[in-house]
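Novice: Okay, so here is work-v1.cif, and as you'll see once you scroll down, it has mmCIF, C-alpha atoms.
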data_work
#
loop_
_atom_site.label_atom_id
_atom_site.label_comp_id
_atom_site.auth_asym_id
_atom_site.auth_seq_id
_atom_site.Cartn_x
_atom_site.Cartn_y
_atom_site.Cartn_z
CA MET A 1 104.36 73.62 113.47
CA PRO A 2 102.43 72.83 116.66
CA TRP A 3 105.16 71.67 119.01
CA PHE A 4 106.55 74.79 120.65
CA PRO A 5 104.69 74.25 123.95
CA GLU A 6 106.35 70.81 124.10
CA PHE A 7 109.88 72.10 123.46
CA ALA A 8 110.15 73.05 127.13
CA SER A 9 109.52 69.45 128.16
CA ALA A 10 112.03 68.19 125.61
CA VAL A 11 114.78 70.55 126.66
CA GLU A 12 114.26 69.95 130.35
CA LEU A 13 114.67 66.24 129.69
CA ALA A 14 117.83 66.85 127.66
CA ARG A 15 119.39 69.30 130.07
CA SER A 16 118.61 67.13 133.08
CA GLN A 17 121.11 64.67 131.61
CA THR A 18 123.97 67.18 131.77
CA ARG A 19 123.34 69.99 134.22
CA ALA A 20 124.49 69.96 137.83
CA ALA A 21 121.90 68.97 140.42
CA GLY A 22 119.95 71.99 141.61
CA ALA A 23 121.13 74.31 138.85
CA ALA A 24 118.53 76.82 137.69
CA ASP A 25 116.91 76.11 134.32
CA PRO A 26 115.21 79.03 132.57
CA VAL A 27 113.59 76.88 129.88
CA ALA A 28 110.04 77.03 131.23
CA GLN A 29 110.15 80.82 131.54
CA TYR A 30 111.70 81.09 128.09
CA PHE A 31 108.95 79.20 126.30
CA ALA A 32 106.25 80.88 128.32
CA ALA A 33 107.64 84.14 126.98
CA LEU A 34 107.67 82.79 123.41
CA ASN A 35 104.09 81.57 123.61
CA LYS A 36 102.95 84.97 124.90
CA GLY A 37 104.92 86.81 122.24
CA ASP A 38 107.15 88.46 124.88
CA THR A 39 110.76 88.21 123.70
CA ARG A 40 112.43 90.16 126.53
CA LEU A 41 113.66 86.97 128.18
CA LEU A 42 115.21 85.46 125.05
CA GLU A 43 118.77 86.59 125.63
CA ASP A 44 118.63 85.82 129.36
CA ALA A 45 117.31 82.29 128.84
CA TRP A 46 119.60 81.27 125.96
CA PRO A 47 122.52 83.71 125.63
CA GLY A 48 124.24 81.21 123.37
CA GLU A 49 122.95 79.76 120.11
CA VAL A 50 119.39 78.57 119.39
CA VAL A 51 118.95 76.44 116.26
CA VAL A 52 115.79 74.79 114.92
CA TYR A 53 115.71 72.36 111.98
CA ASP A 54 112.12 72.45 110.75
CA PRO A 55 110.52 70.49 107.87
CA ARG A 56 108.73 73.60 106.56
CA ALA A 57 111.05 76.47 107.43
CA GLY A 58 114.39 74.72 107.07
CA GLU A 59 117.17 75.91 109.36
CA VAL A 60 116.21 78.61 111.85
CA ARG A 61 119.22 80.03 113.65
CA GLY A 62 119.43 82.71 116.31
CA HIS A 63 116.96 84.63 118.41
CA ARG A 64 115.76 87.00 115.70
CA GLN A 65 114.91 84.26 113.21
CA LEU A 66 113.32 82.21 115.99
CA ARG A 67 110.97 85.07 116.91
CA ARG A 68 109.76 85.32 113.31
CA PHE A 69 109.39 81.56 113.03
CA VAL A 70 107.35 81.27 116.22
CA SER A 71 105.14 84.23 115.32
CA ARG A 72 104.28 82.83 111.90
CA ASN A 73 103.53 79.37 113.20
CA LEU A 74 101.40 80.58 116.08
CA SER A 75 99.30 82.58 113.61
CA TRP A 76 98.89 79.52 111.39
CA LEU A 77 97.94 77.27 114.30
CA ALA A 78 95.39 79.72 115.65
CA GLY A 79 93.17 78.98 112.66
CA LEU A 80 93.50 75.22 113.12
CA HIS A 81 92.54 75.07 116.82
CA ALA A 82 95.61 72.92 117.40
CA ARG A 83 96.15 70.90 120.56
CA THR A 84 98.84 68.36 121.30
CA GLU A 85 99.07 65.06 123.14
CA THR A 86 102.41 63.63 124.25
CA VAL A 87 102.81 60.02 123.11
CA ALA A 88 106.21 59.24 124.65
CA CYS A 89 109.46 60.82 125.82
CA THR A 90 112.91 59.24 125.44
CA ALA A 91 115.97 60.81 127.08
CA ALA A 92 119.60 59.68 127.20
CA GLY A 93 123.06 61.13 126.76
CA GLY A 94 122.12 64.81 126.81
CA ARG A 95 119.42 64.34 124.16
CA ALA A 96 115.64 63.96 124.37
CA VAL A 97 113.00 62.84 121.88
CA VAL A 98 109.38 63.85 122.44
CA GLU A 99 106.69 62.19 120.31
CA LEU A 100 103.43 64.07 119.86
CA LEU A 101 100.07 63.77 118.20
CA ALA A 102 98.90 67.20 117.08
CA TYR A 103 95.13 67.39 116.66
CA LEU A 104 94.08 69.93 114.02
CA ASP A 105 90.89 71.02 112.28
CA HIS A 106 91.46 69.97 108.68
CA GLN A 107 88.79 70.20 105.98
CA GLY A 108 86.00 69.91 108.52
CA ARG A 109 87.39 66.95 110.47
CA GLU A 110 89.89 66.42 113.24
CA LEU A 111 93.29 65.28 112.03
CA ALA A 112 95.79 63.43 114.24
CA TRP A 113 99.24 64.42 112.98
CA PRO A 114 102.35 62.61 114.31
CA VAL A 115 105.29 64.90 115.09
CA ALA A 116 108.59 64.14 116.82
CA VAL A 117 110.91 66.69 118.42
CA VAL A 118 114.55 66.03 119.23
CA ALA A 119 116.14 68.45 121.70
CA GLU A 120 119.85 68.55 122.37
CA SER A 121 121.63 70.95 124.69
CA PRO A 122 125.33 70.93 123.82
CA GLY A 123 126.05 73.51 126.53
CA GLY A 124 124.36 75.39 129.31
CA SER A 125 123.56 78.37 127.12
CA SER A 126 122.66 76.83 123.74
CA VAL A 127 120.09 74.40 122.38
CA VAL A 128 119.30 72.59 119.11
CA PHE A 129 115.86 71.31 118.06
CA ARG A 130 115.26 68.86 115.21
CA THR A 131 111.67 68.20 114.20
CA TYR A 132 110.46 65.27 112.09
CA CYS A 133 107.08 64.62 110.46
CA SER A 134 105.33 64.14 107.15
CA GLN A 135 103.61 67.17 105.70
CA TRP A 136 101.18 65.07 103.69
CA PRO A 137 98.46 65.07 106.38
CA VAL A 138 98.16 68.87 106.27
CA ASP A 139 98.85 69.82 102.65
CA GLU A 140 98.56 66.48 100.77
CA ARG A 141 102.04 66.88 99.32
CA ARG A 142 105.24 64.94 99.91
CA HIS A 143 108.27 67.10 100.58
CA LEU A 144 111.83 65.88 100.13
CA ARG A 145 113.58 66.57 103.45
CA PRO A 146 117.34 66.94 102.98
CA PRO A 147 119.59 65.38 105.62
CA VAL A 148 119.79 67.18 108.95
CA LEU A 149 122.63 65.05 110.35
CA GLU A 150 125.60 63.31 108.79
CA PRO A 151 125.78 59.51 108.99
CA GLY A 152 127.47 58.43 112.21
CA HIS A 153 129.15 55.34 113.61
CA VAL A 154 126.07 54.30 115.56
CA ARG A 155 123.83 51.27 115.52
CA PRO A 156 120.76 50.33 117.57
CA GLY A 157 121.19 47.29 119.77
CA ASP A 158 119.18 44.14 120.54
CA VAL A 159 115.71 43.94 118.98
CA ALA A 160 115.90 47.43 117.43
CA GLY A 161 119.12 46.41 115.70
CA ARG A 162 117.58 43.17 114.43
CA TYR A 163 114.65 45.17 113.05
CA GLN A 164 117.09 47.41 111.16
CA ASP A 165 118.94 44.39 109.77
CA GLY A 166 115.70 42.88 108.50
CA LEU A 167 114.60 46.20 107.04
CA ALA A 168 117.85 46.64 105.11
CA ALA A 169 117.73 43.06 103.83
CA GLY A 170 114.07 43.21 102.80
CA ASP A 171 113.39 40.14 104.95
CA THR A 172 109.71 40.24 105.87
CA GLU A 173 109.83 37.34 108.32
CA ALA A 174 112.88 38.74 110.09
CA VAL A 175 111.18 42.12 110.56
CA VAL A 176 107.85 40.65 111.64
CA GLY A 177 109.68 38.38 114.05
CA THR A 178 110.98 41.40 116.00
CA PHE A 179 107.42 42.40 116.97
CA ALA A 180 105.39 41.10 119.88
CA PRO A 181 102.17 39.32 118.78
CA ASP A 182 100.12 42.47 119.34
CA GLY A 183 102.87 44.91 118.32
CA TYR A 184 102.21 47.60 115.74
CA PHE A 185 103.91 49.74 113.11
CA ARG A 186 102.65 53.29 112.72
CA GLY A 187 103.81 55.29 109.74
CA PRO A 188 104.02 59.08 109.40
CA PHE A 189 100.35 59.58 108.42
CA GLY A 190 98.88 58.86 111.85
CA PRO A 191 97.02 56.24 113.91
CA ARG A 192 94.46 55.49 111.20
CA TYR A 193 97.26 53.94 109.15
CA ALA A 194 98.75 51.69 111.82
CA HIS A 195 99.35 47.98 111.20
CA ARG A 196 98.89 45.77 114.27
CA GLY A 197 99.45 42.06 114.80
CA THR A 198 101.41 39.47 112.86
CA ALA A 199 99.07 39.18 109.86
CA GLU A 200 98.79 42.93 109.22
CA LEU A 201 102.51 43.45 109.72
CA ARG A 202 103.40 40.64 107.34
CA SER A 203 101.12 42.04 104.65
CA PHE A 204 102.46 45.56 105.13
CA PHE A 205 106.16 44.69 105.00
CA THR A 206 105.65 42.32 102.07
CA ARG A 207 104.31 45.32 100.13
CA CYS A 208 107.16 47.51 101.35
CA PHE A 209 109.76 45.05 100.10
CA SER A 210 108.11 44.41 96.74
CA ALA A 211 110.20 47.11 95.05
CA GLY A 212 113.19 44.82 94.73
CA GLY A 213 114.56 44.55 98.26
CA GLY A 214 114.86 46.30 101.58
CA ILE A 215 115.00 49.90 102.74
CA GLY A 216 118.44 51.44 103.19
CA LEU A 217 118.97 53.85 106.08
CA GLN A 218 122.11 55.73 107.09
CA HIS A 219 122.16 55.78 110.89
CA CYS A 220 122.95 59.24 112.26
CA ALA A 221 122.11 59.36 115.99
CA VAL A 222 120.65 56.93 118.52
CA THR A 223 118.84 57.92 121.73
CA ASP A 224 118.09 54.82 123.81
CA ASP A 225 116.74 54.79 127.37
CA GLY A 226 116.35 51.00 127.56
CA VAL A 227 112.62 51.07 126.78
CA ARG A 228 112.59 53.07 123.56
CA CYS A 229 115.29 53.45 120.93
CA ALA A 230 115.01 56.56 118.75
CA LEU A 231 117.03 56.49 115.53
CA GLU A 232 117.65 59.60 113.43
CA TYR A 233 118.47 58.49 109.89
CA ASN A 234 118.81 59.37 106.24
CA CYS A 235 116.85 57.11 103.88
CA VAL A 236 118.93 56.47 100.76
CA ARG A 237 117.41 53.36 99.15
CA TRP A 238 114.04 51.67 98.70
CA GLY A 239 114.31 48.24 97.14
CA SER A 240 116.39 48.48 93.98
CA HIS A 241 115.79 52.24 93.78
CA ASP A 242 118.38 54.71 95.03
CA LEU A 243 116.83 57.79 96.65
CA PRO A 244 118.17 61.26 97.32
CA PRO A 245 119.08 61.18 101.04
CA GLN A 246 116.04 62.14 103.11
CA ALA A 247 115.96 62.80 106.86
CA GLY A 248 113.69 60.88 109.21
CA LEU A 249 113.32 59.40 112.67
CA GLY A 250 112.05 56.06 113.92
CA VAL A 251 111.17 55.12 117.50
CA TYR A 252 111.26 51.45 118.46
CA GLU A 253 109.53 50.64 121.74
CA ARG A 254 110.31 47.40 123.55
CA GLY A 255 107.67 45.41 125.39
CA PRO A 256 108.22 43.39 128.59
CA ASP A 257 109.10 40.33 126.50
CA GLY A 258 111.97 42.16 124.78
CA LEU A 259 110.17 42.30 121.43
CA LEU A 260 108.85 45.44 119.77
CA ALA A 261 105.56 46.66 121.14
CA ALA A 262 105.62 49.52 118.63
CA ALA A 263 107.58 51.08 115.79
CA ARG A 264 106.68 54.69 114.94
CA VAL A 265 108.20 56.48 111.94
CA TYR A 266 108.39 60.21 111.22
CA ASP A 267 109.50 61.10 107.69
CA ASP A 268 108.20 62.15 104.27
CA VAL A 269 109.98 59.55 102.18
CA VAL A 270 108.20 58.73 98.93
CA PRO A 271 108.31 55.01 98.02
CA PRO A 272 108.78 53.93 94.39
CA ALA A 273 105.65 54.17 92.27
CA GLY A 274 103.16 51.42 93.09
CA HIS A 275 104.77 50.48 96.40
CA SER A 276 103.21 52.91 98.90
#
Kindly present the structure from the file in structure tokens form.
Specialist:
Amino acid sequence: MPWFPEFASAVELARSQTRAAGAADPVAQYFAALNKGDTRLLEDAWPGEVVVYDPRAGEVRGHRQLRRFVSRNLSWLAGLHARTETVACTAAGGRAVVELLAYLDHQGRELAWPVAVVAESPGGSSVVFRTYCSQWPVDERRHLRPPVLEPGHVRPGDVAGRYQDGLAAGDTEAVVGTFAPDGYFRGPFGPRYAHRGTAELRSFFTRCFSAGGGIGLQHCAVTDDGVRCALEYNCVRWGSHDLPPQAGLGVYERGPDGLLAAARVYDDVVPPAGHS
């Protein structure tokens, strides 16, 4: 996956929430070493535990597994001429969410692939990364992503919470009403598939809710900096259809009027047949 150069930014955001002012942070040196294939600094940078939850590789735990994971992905990316653009960063409570667009060569054209990275540093010597995306843009397959987190006692507030209520109820007008007039919803397939403005949003959510009701999410973790609210969730229902729990992340960005300027979703959930 193409986000290792951005992990440094994510972790520095997360650790800045918890570390003492002026304390040394070896993250930048650590990831420079990873990108160069030099692993001598691994133990010095993170003497504790390093864990990555990746859509393709699953759970990667410890320095040895991480070296193999990085090596394989760097080789894969080399053939795709990958580059990344940071869309937004959200940091609060010792956790950071970095949203990226990864630009890849895919079947003779440039592909813009949305990827989100959550970085959490539970202590000064350990770090956890959770990555979210759809794999459809790169291999044209949908992959069931088992839950990464357990449901928690968390709920987004204000307009992000109203959006979630409308989504669960299958109430098109309630959901559309949480967006600013020029707000947009971007799904996991990239900018080409965004829906902007009241008319497009109404048409899109009407189709989404045509499978017998709303979309049921278990809320697992919320990272909210006052501008953006990032929700890690497990999707368990689409309309009248129960689904095997599938991990995902949504970012809900508020505009100056308090309504949603954007909603960006990162998952690989397959809707019921005929309702994509």
Novice: Determine, counting all atoms listed in the file, every residue of protein, DNA or RNA that lies within 9 Å of (118.4, 49.4, 125.2) in the file coordinates, then give the result as a list of chain:residue names.
Specialist: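 With a cut-off of 9 Å, the residues come to A:Pro156, A:Gly157, A:Asp158, A:Val159, A:Ala160, A:Asp224, A:Asp225, A:Gly226, A:Val227, A:Arg228, A:Cys229, A:Arg254.
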Novice: Pick out the closest residue to Ala92 (chain A) from this set: A:Gln164, A:Thr223, A:Asn234, A:Thr178. Count only C-alpha atoms.
Specialist: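 Checking each of A:Gln164, A:Thr223, A:Asn234, A:Thr178 against Ala92 (chain A), counting only C-alpha atoms, the winner is A:Thr223.
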Novice: Please report the interatomic distance between CA of Pro271 (chain A) and CA of Val60 (chain A) in Å with one decimal.
Specialist: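 Computed distance, CA of Pro271 (chain A) to CA of Val60 (chain A), equals 28.5 Å.
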Novice: Distance cut-off 6 Å, centre (103.4, 46.4, 119.4) in file coordinates, counting all atoms listed in the file: which residues qualify? Return them as a compact mmCIF listing (two decimals) with C-alpha atoms, in the frame of the given file.
Specialist:
# COMPACT_ATOMS: atom_id res chain seq x y z
CA ALA A 180 105.39 41.10 119.88
CA ASP A 182 100.12 42.47 119.34
CA GLY A 183 102.87 44.91 118.32
CA TYR A 184 102.21 47.60 115.74
CA LEU A 260 108.85 45.44 119.77
CA ALA A 261 105.56 46.66 121.14
CA ALA A 262 105.62 49.52 118.63
Novice: Would you work out the distance separating CA of Val87 (chain A) from CA of Pro188 (chain A), expressed in Å to one decimal?
Specialist: 13.8 Å
Novice: List the spatial neighbours of Leu231 (chain A) as a ChimeraX atom specification - criterion: any atom at most 9 Å away, only C-alpha atoms, same-chain residues fewer than 3 positions off excluded.
Specialist: /A:155-156,219-224,248-252
